[in-house]
Amino acid sequence: MSPRADLEMCSDVLEGLEAWIDGELGAEEAARFEAHIAQCASCRTEKSEAEDLVMGLRSLPEFDVPTRVLHSVPGFARPPMWARFGATTTTSMRRPAAAAAAIAVAMLAIVLVSQWRGPSTPKYSDQEIERAALEAQLALAYVGDAVQRAELSVKEKILEDGTVIRTVRGFSRSMRIIGEAASAAAELPATPLPQ
Amino acid sequence: MRKIWVLICVVLLAGAQSVAAQSGNAHPGYFPIEELGIFGEGDLEVNVDLSGAMLQVAAGAMENRDENLVDLFSKLERVRVLVGSPKKVETASVGSIISDARMRLENSGWDKILTVEEEDEQVYLYSLEQGEAIAGLTVLVNDGGDEVVLVNIAGSIDPRTLGRLLSNVGDFELDELMAAIDQ
């Protein structure tokens with residue numbers, strides 16, 4: 001391949017590097033790129049640096065709820081609580097002590113539920129309720145704020161790393177192109193200067 | 001007959017525990033942020049303490065709002081928010097207290113969801129899983145000692161609901177909410 005064709009190929013590889021690493025190139029083009037980097041050290045270096053960058057970005061912390069919690073959320077296939085309770089009491093009624101305990105539990109549950117639900121509505125004024133709703137949203141807003149701060153921090157890091165690497169890459173690319181152009185020029189037959 | 005009395009006592013004890021749990025302190029997702037000792041008298045700019053009962057009522061009153069928000073609030077047991085500029089302790093001590101709090105959380109099975117550790121800012125978000133839901137969320141923010149934010153939310157939090165709400169975090173503007181609360 002001529003030096004000019006080589007330079008064009010280098011340029012193609014650099015342009016398509018990201019797509020190549022992401023596996024988005026067609027098989028034919030990927031094979032062409034593979035063949036090129038097998039003989040082009042600078043493109044090999046570029047690819048290696050880009051892969052490092054991608055790996056670095058992938059290793060950045062993710063902030064999300066633990067996946068095992070996310071995966072376990074769907075699938076509430078249990079029978080309703082009253083059905084389970086009913087089944088228990090039916091069998092328990094055969095024993096007087098257990099039956100008495102079951103009645104006591106039921107009574108206590110009724111008392112607790114009535115205590116819990118009963119006084120809550122008239123206890124708070126509309127103003128207090130409105131304030132409580134705002135305060136609960138404030139708590140959630142602080143959670144959101146923490147998430148946003150983390151996102152910002154990660155973005156800054158990406159930007160910082162990306163800028164540094166891009167600058168280095170741009171500089172090395174310029175130097176390589178100058179060097180290759182110079183060596184290509186040296187290979188050309190000497191042309192007599194016009195008289 | 002004795003067995004019956006024993007059973008009734010057990011039931012009553014369980015009932016007493018249930019009443020204690022209602023206050024939110026006995027909930028596994030509760031983390032006593034007020035006991036960290038960062039804030040002294042007059043340091044707090046925001047001090048929110050909402051019980052489960054109040055949150056239920058607030059959720060009920062928010063019928064016209066986002067259903068995710070109503071769903072989330074209706075299952076909360078306790079919400080605590082403390083925001084202020086600590087004057088009682090030195091800046092270096094604030095960092096140390098927050099480190100201790102993190103250790104306590106991690107030793108109690110809480111998971112660290114996110115961390116920001118910069119020179120003048122540290123942000124930590126922890127969650128406690130319980131079965132299929134999140135039982136608690138704790139936020140610890142140290143803004144260079146100038147401002148400290150401590151948040152604890154205990155209850156049964158559906159991660160999907162929370163995720164949906166947090167994907168619209170822009171809906172919860174801190175300044176706007178603070179102004180509305182102050183009114």
# chains A, B, ... in the order shown; residues from 1 in each chain; ligands from 1
>>> residues_around(residues="Ile38 in chain B", least_positions_apart="4", cutoff="9 Å", atoms="only C-alpha atoms", output="number ranges by chain")
B: 34, 86-89, 93-94, 97-98, 148
>>> residues_around(residues="Leu177 in chain B", least_positions_apart="5", cutoff="8 Å", atoms="only C-alpha atoms", output="mmCIF file with C-alpha atoms, in the first residue's frame")
data_model
loop_
_atom_site.group_PDB
_atom_site.id
_atom_site.type_symbol
_atom_site.label_atom_id
_atom_site.label_comp_id
_atom_site.auth_asym_id
_atom_site.auth_seq_id
_atom_site.Cartn_x
_atom_site.Cartn_y
_atom_site.Cartn_z
ATOM 1 C CA LEU A 134 -43.827 19.703 51.346
ATOM 2 C CA GLU A 135 -41.365 18.493 53.979
ATOM 3 C CA GLN A 137 -40.896 16.197 49.223
ATOM 4 C CA LEU A 138 -37.958 18.135 50.612
ATOM 5 C CA PHE B 172 -38.246 18.779 43.309
#
>>> atom_distance(atom1="CA of Asn47 in chain B", atom2="CA of Gly163 in chain B")
25.4 Å
>>> closest_residue(among="B:Glu45, B:Glu119, B:Asp111, B:Glu129", to="Gly29 in chain B", atoms="only C-alpha atoms")
B:Glu129
>>> select_by_dssp(residues="range 48-114 of chain B", states="helix (DSSP H, G or I)", output="JSON, numbers by chain")
{"B": [52, 53, 54, 55, 56, 57, 58, 59, 60, 67, 68, 69, 70, 71, 72, 73, 74, 91, 92, 93, 94, 95, 96, 97, 98, 99, 100, 101, 102, 103, 104, 105, 106, 107]}
>>> write_last_selection(atoms="N, CA and C atoms", output="compact mmCIF listing (two decimals), in the first residue's frame")
# COMPACT_ATOMS: atom_id res chain seq x y z
N GLY B 52 -45.09 8.18 60.57
CA GLY B 52 -45.84 7.42 59.58
C GLY B 52 -47.27 7.90 59.44
N ALA B 53 -47.90 8.20 60.62
CA ALA B 53 -49.31 8.62 60.59
C ALA B 53 -49.46 9.92 59.81
N MET B 54 -48.56 10.86 60.07
CA MET B 54 -48.62 12.15 59.38
C MET B 54 -48.39 11.96 57.88
N LEU B 55 -47.45 11.07 57.55
CA LEU B 55 -47.15 10.84 56.13
C LEU B 55 -48.34 10.22 55.41
N GLN B 56 -49.06 9.32 56.12
CA GLN B 56 -50.25 8.71 55.52
C GLN B 56 -51.27 9.81 55.18
N VAL B 57 -51.45 10.70 56.15
CA VAL B 57 -52.43 11.78 55.96
C VAL B 57 -51.97 12.69 54.81
N ALA B 58 -50.68 13.00 54.82
CA ALA B 58 -50.14 13.87 53.76
C ALA B 58 -50.31 13.21 52.39
N ALA B 59 -50.07 11.89 52.35
CA ALA B 59 -50.23 11.16 51.08
C ALA B 59 -51.68 11.22 50.62
N GLY B 60 -52.59 11.05 51.60
CA GLY B 60 -54.02 11.10 51.29
C GLY B 60 -54.44 12.46 50.76
N GLU B 67 -48.87 10.07 41.14
CA GLU B 67 -49.25 8.85 41.87
C GLU B 67 -48.04 8.12 42.45
N ASN B 68 -46.88 8.29 41.82
CA ASN B 68 -45.67 7.66 42.37
C ASN B 68 -45.33 8.27 43.73
N LEU B 69 -45.52 9.58 43.81
CA LEU B 69 -45.21 10.30 45.04
C LEU B 69 -46.18 9.87 46.15
N VAL B 70 -47.46 9.78 45.80
CA VAL B 70 -48.48 9.38 46.77
C VAL B 70 -48.19 7.96 47.25
N ASP B 71 -47.85 7.09 46.30
CA ASP B 71 -47.56 5.69 46.63
C ASP B 71 -46.35 5.61 47.57
N LEU B 72 -45.33 6.38 47.27
CA LEU B 72 -44.11 6.36 48.10
C LEU B 72 -44.41 6.85 49.52
N PHE B 73 -45.07 7.99 49.62
CA PHE B 73 -45.31 8.59 50.93
C PHE B 73 -46.25 7.73 51.79
N SER B 74 -47.19 7.05 51.12
CA SER B 74 -48.16 6.27 51.90
C SER B 74 -47.51 5.08 52.58
N THR B 91 -14.76 21.76 61.61
CA THR B 91 -14.93 21.19 60.27
C THR B 91 -14.33 19.79 60.17
N ALA B 92 -13.13 19.61 60.73
CA ALA B 92 -12.47 18.31 60.66
C ALA B 92 -13.28 17.26 61.40
N SER B 93 -13.88 17.66 62.50
CA SER B 93 -14.67 16.71 63.29
C SER B 93 -15.94 16.30 62.55
N VAL B 94 -16.49 17.20 61.74
CA VAL B 94 -17.69 16.86 60.97
C VAL B 94 -17.38 15.67 60.06
N GLY B 95 -16.22 15.76 59.39
CA GLY B 95 -15.80 14.67 58.51
C GLY B 95 -15.65 13.37 59.28
N SER B 96 -15.08 13.47 60.44
CA SER B 96 -14.86 12.27 61.26
C SER B 96 -16.19 11.68 61.75
N ILE B 97 -17.12 12.55 62.13
CA ILE B 97 -18.44 12.06 62.58
C ILE B 97 -19.17 11.37 61.43
N ILE B 98 -19.04 11.97 60.24
CA ILE B 98 -19.71 11.37 59.08
C ILE B 98 -19.06 10.02 58.74
N SER B 99 -17.75 9.94 58.88
CA SER B 99 -17.06 8.66 58.64
C SER B 99 -17.56 7.60 59.62
N ASP B 100 -17.73 7.99 60.88
CA ASP B 100 -18.23 7.04 61.89
C ASP B 100 -19.65 6.59 61.53
N ALA B 101 -20.45 7.55 61.09
CA ALA B 101 -21.84 7.22 60.73
C ALA B 101 -21.85 6.24 59.56
N ARG B 102 -20.96 6.47 58.61
CA ARG B 102 -20.88 5.56 57.45
C ARG B 102 -20.51 4.15 57.89
N MET B 103 -19.56 4.10 58.83
CA MET B 103 -19.13 2.79 59.32
C MET B 103 -20.29 2.07 60.02
N ARG B 104 -21.04 2.86 60.80
CA ARG B 104 -22.19 2.27 61.50
C ARG B 104 -23.21 1.73 60.51
N LEU B 105 -23.45 2.51 59.46
CA LEU B 105 -24.41 2.08 58.44
C LEU B 105 -23.93 0.81 57.76
N GLU B 106 -22.65 0.82 57.38
CA GLU B 106 -22.12 -0.34 56.64
C GLU B 106 -22.09 -1.58 57.51
N ASN B 107 -21.80 -1.39 58.80
CA ASN B 107 -21.79 -2.54 59.72
C ASN B 107 -23.19 -3.06 60.02
>>> atom_distance(atom1="CA of Met9 in chain A", atom2="CA of Ile37 in chain A")
9.7 Å
>>> atom_distance(atom1="CA of Tyr126 in chain B", atom2="CA of Ile113 in chain B")
5.4 Å
>>> decode(residues="range 30-140 of chain B", atoms="C-alpha atoms", output="PDB file, in the first residue's frame")
ATOM      1  CA  TYR B  30     -34.560   4.207  60.757  1.00  0.00           C
ATOM      2  CA  PHE B  31     -31.102   5.647  61.351  1.00  0.00           C
ATOM      3  CA  PRO B  32     -30.820   8.141  64.219  1.00  0.00           C
ATOM      4  CA  ILE B  33     -29.213  11.071  62.379  1.00  0.00           C
ATOM      5  CA  GLU B  34     -30.097  13.400  65.262  1.00  0.00           C
ATOM      6  CA  GLU B  35     -27.839  11.360  67.545  1.00  0.00           C
ATOM      7  CA  LEU B  36     -24.703  11.992  65.482  1.00  0.00           C
ATOM      8  CA  GLY B  37     -24.075  15.153  67.492  1.00  0.00           C
ATOM      9  CA  ILE B  38     -23.109  17.371  64.563  1.00  0.00           C
ATOM     10  CA  PHE B  39     -25.580  20.136  65.270  1.00  0.00           C
ATOM     11  CA  GLY B  40     -25.752  22.273  68.349  1.00  0.00           C
ATOM     12  CA  GLU B  41     -28.533  24.534  69.469  1.00  0.00           C
ATOM     13  CA  GLY B  42     -29.371  27.113  66.824  1.00  0.00           C
ATOM     14  CA  ASP B  43     -27.326  25.384  64.093  1.00  0.00           C
ATOM     15  CA  LEU B  44     -30.273  23.905  62.258  1.00  0.00           C
ATOM     16  CA  GLU B  45     -31.876  25.634  59.315  1.00  0.00           C
ATOM     17  CA  VAL B  46     -34.163  22.718  58.490  1.00  0.00           C
ATOM     18  CA  ASN B  47     -35.460  20.192  60.983  1.00  0.00           C
ATOM     19  CA  VAL B  48     -38.073  17.835  59.600  1.00  0.00           C
ATOM     20  CA  ASP B  49     -39.499  14.949  61.599  1.00  0.00           C
ATOM     21  CA  LEU B  50     -42.523  13.253  60.067  1.00  0.00           C
ATOM     22  CA  SER B  51     -44.157  10.183  61.546  1.00  0.00           C
ATOM     23  CA  GLY B  52     -45.837   7.415  59.576  1.00  0.00           C
ATOM     24  CA  ALA B  53     -49.305   8.620  60.591  1.00  0.00           C
ATOM     25  CA  MET B  54     -48.617  12.148  59.378  1.00  0.00           C
ATOM     26  CA  LEU B  55     -47.155  10.840  56.128  1.00  0.00           C
ATOM     27  CA  GLN B  56     -50.254   8.712  55.520  1.00  0.00           C
ATOM     28  CA  VAL B  57     -52.427  11.777  55.955  1.00  0.00           C
ATOM     29  CA  ALA B  58     -50.140  13.865  53.758  1.00  0.00           C
ATOM     30  CA  ALA B  59     -50.229  11.162  51.082  1.00  0.00           C
ATOM     31  CA  GLY B  60     -54.021  11.101  51.287  1.00  0.00           C
ATOM     32  CA  ALA B  61     -54.138  14.854  50.857  1.00  0.00           C
ATOM     33  CA  MET B  62     -51.967  14.640  47.740  1.00  0.00           C
ATOM     34  CA  GLU B  63     -54.522  12.810  45.630  1.00  0.00           C
ATOM     35  CA  ASN B  64     -54.094  15.148  42.697  1.00  0.00           C
ATOM     36  CA  ARG B  65     -50.334  14.827  42.695  1.00  0.00           C
ATOM     37  CA  ASP B  66     -48.028  12.343  41.006  1.00  0.00           C
ATOM     38  CA  GLU B  67     -49.254   8.853  41.868  1.00  0.00           C
ATOM     39  CA  ASN B  68     -45.668   7.663  42.372  1.00  0.00           C
ATOM     40  CA  LEU B  69     -45.214  10.300  45.043  1.00  0.00           C
ATOM     41  CA  VAL B  70     -48.479   9.378  46.769  1.00  0.00           C
ATOM     42  CA  ASP B  71     -47.557   5.694  46.630  1.00  0.00           C
ATOM     43  CA  LEU B  72     -44.113   6.360  48.099  1.00  0.00           C
ATOM     44  CA  PHE B  73     -45.313   8.587  50.931  1.00  0.00           C
ATOM     45  CA  SER B  74     -48.161   6.273  51.905  1.00  0.00           C
ATOM     46  CA  LYS B  75     -45.645   3.544  52.761  1.00  0.00           C
ATOM     47  CA  LEU B  76     -43.177   5.627  54.742  1.00  0.00           C
ATOM     48  CA  GLU B  77     -42.812   5.269  58.492  1.00  0.00           C
ATOM     49  CA  ARG B  78     -40.492   8.098  59.343  1.00  0.00           C
ATOM     50  CA  VAL B  79     -38.802  10.988  57.537  1.00  0.00           C
ATOM     51  CA  ARG B  80     -36.027  12.989  59.176  1.00  0.00           C
ATOM     52  CA  VAL B  81     -34.158  15.890  57.560  1.00  0.00           C
ATOM     53  CA  LEU B  82     -31.532  17.952  59.344  1.00  0.00           C
ATOM     54  CA  VAL B  83     -29.801  20.762  57.484  1.00  0.00           C
ATOM     55  CA  GLY B  84     -27.555  23.344  59.048  1.00  0.00           C
ATOM     56  CA  SER B  85     -24.174  24.896  59.546  1.00  0.00           C
ATOM     57  CA  PRO B  86     -22.489  23.153  62.445  1.00  0.00           C
ATOM     58  CA  LYS B  87     -20.876  25.536  64.889  1.00  0.00           C
ATOM     59  CA  LYS B  88     -20.674  23.118  67.786  1.00  0.00           C
ATOM     60  CA  VAL B  89     -18.011  20.946  66.152  1.00  0.00           C
ATOM     61  CA  GLU B  90     -15.008  21.847  64.007  1.00  0.00           C
ATOM     62  CA  THR B  91     -14.935  21.193  60.265  1.00  0.00           C
ATOM     63  CA  ALA B  92     -12.467  18.310  60.656  1.00  0.00           C
ATOM     64  CA  SER B  93     -14.673  16.713  63.295  1.00  0.00           C
ATOM     65  CA  VAL B  94     -17.694  16.860  60.973  1.00  0.00           C
ATOM     66  CA  GLY B  95     -15.798  14.667  58.506  1.00  0.00           C
ATOM     67  CA  SER B  96     -14.858  12.274  61.259  1.00  0.00           C
ATOM     68  CA  ILE B  97     -18.439  12.064  62.582  1.00  0.00           C
ATOM     69  CA  ILE B  98     -19.705  11.365  59.075  1.00  0.00           C
ATOM     70  CA  SER B  99     -17.060   8.655  58.642  1.00  0.00           C
ATOM     71  CA  ASP B 100     -18.231   7.041  61.890  1.00  0.00           C
ATOM     72  CA  ALA B 101     -21.841   7.225  60.726  1.00  0.00           C
ATOM     73  CA  ARG B 102     -20.885   5.563  57.448  1.00  0.00           C
ATOM     74  CA  MET B 103     -19.126   2.791  59.324  1.00  0.00           C
ATOM     75  CA  ARG B 104     -22.193   2.268  61.502  1.00  0.00           C
ATOM     76  CA  LEU B 105     -24.413   2.084  58.440  1.00  0.00           C
ATOM     77  CA  GLU B 106     -22.125  -0.336  56.637  1.00  0.00           C
ATOM     78  CA  ASN B 107     -21.788  -2.543  59.716  1.00  0.00           C
ATOM     79  CA  SER B 108     -25.565  -2.667  59.998  1.00  0.00           C
ATOM     80  CA  GLY B 109     -26.039  -4.014  56.484  1.00  0.00           C
ATOM     81  CA  TRP B 110     -26.698  -0.769  54.634  1.00  0.00           C
ATOM     82  CA  ASP B 111     -25.472  -0.580  51.027  1.00  0.00           C
ATOM     83  CA  LYS B 112     -23.641   2.439  49.689  1.00  0.00           C
ATOM     84  CA  ILE B 113     -25.472   3.516  46.535  1.00  0.00           C
ATOM     85  CA  LEU B 114     -23.374   6.502  45.597  1.00  0.00           C
ATOM     86  CA  THR B 115     -20.391   8.477  46.757  1.00  0.00           C
ATOM     87  CA  VAL B 116     -18.941  11.830  45.840  1.00  0.00           C
ATOM     88  CA  GLU B 117     -15.640  12.518  47.543  1.00  0.00           C
ATOM     89  CA  GLU B 118     -14.164  15.786  46.455  1.00  0.00           C
ATOM     90  CA  GLU B 119     -11.881  18.172  48.277  1.00  0.00           C
ATOM     91  CA  ASP B 120     -14.639  20.394  49.595  1.00  0.00           C
ATOM     92  CA  GLU B 121     -17.666  18.147  49.273  1.00  0.00           C
ATOM     93  CA  GLN B 122     -18.616  14.648  50.367  1.00  0.00           C
ATOM     94  CA  VAL B 123     -21.938  13.088  49.478  1.00  0.00           C
ATOM     95  CA  TYR B 124     -23.037   9.588  50.477  1.00  0.00           C
ATOM     96  CA  LEU B 125     -26.311   7.813  49.812  1.00  0.00           C
ATOM     97  CA  TYR B 126     -27.052   4.543  51.589  1.00  0.00           C
ATOM     98  CA  SER B 127     -29.965   2.143  51.289  1.00  0.00           C
ATOM     99  CA  LEU B 128     -31.104  -0.775  53.391  1.00  0.00           C
ATOM    100  CA  GLU B 129     -32.764  -3.634  51.591  1.00  0.00           C
ATOM    101  CA  GLN B 130     -35.486  -5.656  53.219  1.00  0.00           C
ATOM    102  CA  GLY B 131     -36.913  -8.432  51.123  1.00  0.00           C
ATOM    103  CA  GLU B 132     -38.240  -6.988  47.920  1.00  0.00           C
ATOM    104  CA  ALA B 133     -38.117  -3.352  48.923  1.00  0.00           C
ATOM    105  CA  ILE B 134     -35.862  -0.684  50.323  1.00  0.00           C
ATOM    106  CA  ALA B 135     -36.489  -0.248  54.053  1.00  0.00           C
ATOM    107  CA  GLY B 136     -34.397   2.885  54.448  1.00  0.00           C
ATOM    108  CA  LEU B 137     -32.473   5.613  52.690  1.00  0.00           C
ATOM    109  CA  THR B 138     -29.852   7.757  54.391  1.00  0.00           C
ATOM    110  CA  VAL B 139     -28.149  10.767  52.836  1.00  0.00           C
ATOM    111  CA  LEU B 140     -25.048  12.301  54.378  1.00  0.00           C
TER     112      LEU B 140
END
